[in-house]
Amino acid sequence: MNQHHRRWLLAPVRQWRTRRLMAQHGPSLAYSTAWALITLATAPREVAFVQQSIRESDEPGEAGLCFDDWTELTDQEREHRRRWLSRHDRSPIQMLEIPEELLKTTGLRVNDWGEPDPQP
């Protein structure tokens, strides 16, 4: 049984939250990153588990928070983000309220929305 199926059997609520975060954030959020974020937000004592998962993944890079460039997004994605921000005032990842220091400690690199481009 692969890791994805094992996760669904062992923690279906966490998997549901992971999929929901991916849908809210958009196509730039990888499954493994979304899963790690949800795990850190809902079960912060599982930091060692998240660290091991990140070490096993093939996503090298500097840990911490980085931001998208809105000029490189499609019109549809920009509109999706504007609507979300007008309703919630912050991105789905920011709503999780995970400290950036924790992201760095675990080795997780997160690509968040950043500041919206000015409206034309």
# chains A, B, ... in the order shown; residues from 1 in each chain; ligands from 1

call {"tool": "residues_around", "arguments": {"residues": "Thr18 of chain A", "least_positions_apart": "3", "cutoff": "12 Å", "atoms": "only C-alpha atoms", "output": "PyMOL selection string"}}
result
chain A and resi 4+7-8+11-15+21-25+29-42+92-93+96

call {"tool": "select_by_dssp", "arguments": {"residues": "segment 58-118 of chain A", "states": "helix (DSSP H, G or I)", "output": "PDB file with N, CA and C atoms, in the first residue's frame"}}
result
ATOM      1  N   TRP A  70       2.097  37.770  -8.705  1.00  0.00           N
ATOM      2  CA  TRP A  70       0.755  37.793  -9.274  1.00  0.00           C
ATOM      3  C   TRP A  70       0.766  38.073 -10.770  1.00  0.00           C
ATOM      4  N   THR A  71       1.801  38.695 -11.287  1.00  0.00           N
ATOM      5  CA  THR A  71       1.836  38.994 -12.716  1.00  0.00           C
ATOM      6  C   THR A  71       1.991  37.729 -13.549  1.00  0.00           C
ATOM      7  N   GLU A  72       2.447  36.649 -12.941  1.00  0.00           N
ATOM      8  CA  GLU A  72       2.638  35.391 -13.658  1.00  0.00           C
ATOM      9  C   GLU A  72       1.417  34.476 -13.600  1.00  0.00           C
ATOM     10  N   ASP A  75      -5.561  35.014 -15.447  1.00  0.00           N
ATOM     11  CA  ASP A  75      -6.624  35.931 -15.032  1.00  0.00           C
ATOM     12  C   ASP A  75      -7.607  35.247 -14.089  1.00  0.00           C
ATOM     13  N   GLN A  76      -7.901  33.980 -14.359  1.00  0.00           N
ATOM     14  CA  GLN A  76      -8.842  33.228 -13.530  1.00  0.00           C
ATOM     15  C   GLN A  76      -8.286  33.055 -12.110  1.00  0.00           C
ATOM     16  N   GLU A  77      -7.007  32.729 -11.990  1.00  0.00           N
ATOM     17  CA  GLU A  77      -6.412  32.548 -10.669  1.00  0.00           C
ATOM     18  C   GLU A  77      -6.332  33.871  -9.903  1.00  0.00           C
ATOM     19  N   ARG A  78      -6.004  34.952 -10.596  1.00  0.00           N
ATOM     20  CA  ARG A  78      -5.977  36.261  -9.941  1.00  0.00           C
ATOM     21  C   ARG A  78      -7.362  36.632  -9.404  1.00  0.00           C
ATOM     22  N   GLU A  79      -8.391  36.382 -10.187  1.00  0.00           N
ATOM     23  CA  GLU A  79      -9.754  36.689  -9.760  1.00  0.00           C
ATOM     24  C   GLU A  79     -10.159  35.820  -8.563  1.00  0.00           C
ATOM     25  N   HIS A  80      -9.802  34.535  -8.606  1.00  0.00           N
ATOM     26  CA  HIS A  80     -10.080  33.630  -7.488  1.00  0.00           C
ATOM     27  C   HIS A  80      -9.455  34.174  -6.197  1.00  0.00           C
ATOM     28  N   ARG A  81      -8.207  34.594  -6.279  1.00  0.00           N
ATOM     29  CA  ARG A  81      -7.512  35.111  -5.102  1.00  0.00           C
ATOM     30  C   ARG A  81      -8.102  36.427  -4.618  1.00  0.00           C
ATOM     31  N   ARG A  82      -8.451  37.300  -5.542  1.00  0.00           N
ATOM     32  CA  ARG A  82      -9.065  38.578  -5.140  1.00  0.00           C
ATOM     33  C   ARG A  82     -10.385  38.353  -4.400  1.00  0.00           C
ATOM     34  N   ARG A  83     -11.201  37.438  -4.922  1.00  0.00           N
ATOM     35  CA  ARG A  83     -12.478  37.136  -4.266  1.00  0.00           C
ATOM     36  C   ARG A  83     -12.237  36.579  -2.864  1.00  0.00           C
ATOM     37  N   TRP A  84     -11.278  35.658  -2.769  1.00  0.00           N
ATOM     38  CA  TRP A  84     -10.970  35.059  -1.471  1.00  0.00           C
ATOM     39  C   TRP A  84     -10.510  36.134  -0.485  1.00  0.00           C
ATOM     40  N   LEU A  85      -9.584  36.978  -0.904  1.00  0.00           N
ATOM     41  CA  LEU A  85      -9.040  38.014  -0.025  1.00  0.00           C
ATOM     42  C   LEU A  85     -10.091  39.052   0.364  1.00  0.00           C
ATOM     43  N   SER A  86     -11.028  39.332  -0.528  1.00  0.00           N
ATOM     44  CA  SER A  86     -12.086  40.288  -0.177  1.00  0.00           C
ATOM     45  C   SER A  86     -13.008  39.709   0.897  1.00  0.00           C
ATOM     46  N   ARG A  87     -13.175  38.395   0.929  1.00  0.00           N
ATOM     47  CA  ARG A  87     -14.007  37.752   1.939  1.00  0.00           C
ATOM     48  C   ARG A  87     -13.267  37.487   3.244  1.00  0.00           C
ATOM     49  N   HIS A  88     -11.973  37.085   3.155  1.00  0.00           N
ATOM     50  CA  HIS A  88     -11.261  36.586   4.334  1.00  0.00           C
ATOM     51  C   HIS A  88     -10.080  37.450   4.779  1.00  0.00           C
ATOM     52  N   PRO A  92      -5.486  31.263   2.469  1.00  0.00           N
ATOM     53  CA  PRO A  92      -5.800  30.048   3.224  1.00  0.00           C
ATOM     54  C   PRO A  92      -4.631  29.583   4.096  1.00  0.00           C
ATOM     55  N   ILE A  93      -3.408  29.754   3.622  1.00  0.00           N
ATOM     56  CA  ILE A  93      -2.246  29.348   4.410  1.00  0.00           C
ATOM     57  C   ILE A  93      -2.071  30.264   5.614  1.00  0.00           C
ATOM     58  N   GLN A  94      -2.275  31.542   5.424  1.00  0.00           N
ATOM     59  CA  GLN A  94      -2.173  32.475   6.552  1.00  0.00           C
ATOM     60  C   GLN A  94      -3.252  32.202   7.590  1.00  0.00           C
ATOM     61  N   MET A  95      -4.397  31.702   7.164  1.00  0.00           N
ATOM     62  CA  MET A  95      -5.476  31.390   8.093  1.00  0.00           C
ATOM     63  C   MET A  95      -5.112  30.229   9.027  1.00  0.00           C
ATOM     64  N   GLU A 100       6.282  31.141  10.948  1.00  0.00           N
ATOM     65  CA  GLU A 100       7.313  30.874   9.942  1.00  0.00           C
ATOM     66  C   GLU A 100       8.501  30.137  10.546  1.00  0.00           C
ATOM     67  N   GLU A 101       8.796  30.375  11.803  1.00  0.00           N
ATOM     68  CA  GLU A 101       9.904  29.675  12.471  1.00  0.00           C
ATOM     69  C   GLU A 101       9.656  28.169  12.489  1.00  0.00           C
ATOM     70  N   LEU A 102       8.409  27.762  12.659  1.00  0.00           N
ATOM     71  CA  LEU A 102       8.080  26.337  12.642  1.00  0.00           C
ATOM     72  C   LEU A 102       8.289  25.761  11.247  1.00  0.00           C
ATOM     73  N   LEU A 103       7.941  26.524  10.223  1.00  0.00           N
ATOM     74  CA  LEU A 103       8.177  26.070   8.852  1.00  0.00           C
ATOM     75  C   LEU A 103       9.663  25.853   8.612  1.00  0.00           C
ATOM     76  N   LYS A 104      10.477  26.788   9.084  1.00  0.00           N
ATOM     77  CA  LYS A 104      11.930  26.665   8.916  1.00  0.00           C
ATOM     78  C   LYS A 104      12.480  25.495   9.711  1.00  0.00           C
ATOM     79  N   THR A 105      11.969  25.293  10.911  1.00  0.00           N
ATOM     80  CA  THR A 105      12.431  24.187  11.758  1.00  0.00           C
ATOM     81  C   THR A 105      12.162  22.839  11.101  1.00  0.00           C
ATOM     82  N   THR A 106      11.009  22.713  10.486  1.00  0.00           N
ATOM     83  CA  THR A 106      10.659  21.437   9.851  1.00  0.00           C
ATOM     84  C   THR A 106      11.314  21.257   8.492  1.00  0.00           C
TER      85      THR A 106
END

call {"tool": "atom_distance", "arguments": {"atom1": "atom CA of Arg109 of chain A", "atom2": "atom CA of Cys66 of chain A"}}
result
7.5 Å

call {"tool": "closest_residue", "arguments": {"among": "A:Gly26, A:Gly107, A:Gly64, A:Pro99", "to": "Gln52 of chain A", "atoms": "only C-alpha atoms"}}
result
A:Gly107

call {"tool": "select_by_dssp", "arguments": {"residues": "chain A", "states": "strand (DSSP E or B)", "output": "list in words"}}
result
Gly64, Leu65, Cys66, Phe67, Arg109, Val110, Asn111 and Asp112 of chain A

call {"tool": "residues_around", "arguments": {"residues": "Glu115 of chain A", "least_positions_apart": "2", "cutoff": "10 Å", "atoms": "only C-alpha atoms", "output": "PyMOL selection string"}}
result
chain A and resi 67-70+90-91+112-113+117-118

call {"tool": "atom_distance", "arguments": {"atom1": "atom CA of Asp89 of chain A", "atom2": "atom CA of Ile54 of chain A"}}
result
29.4 Å
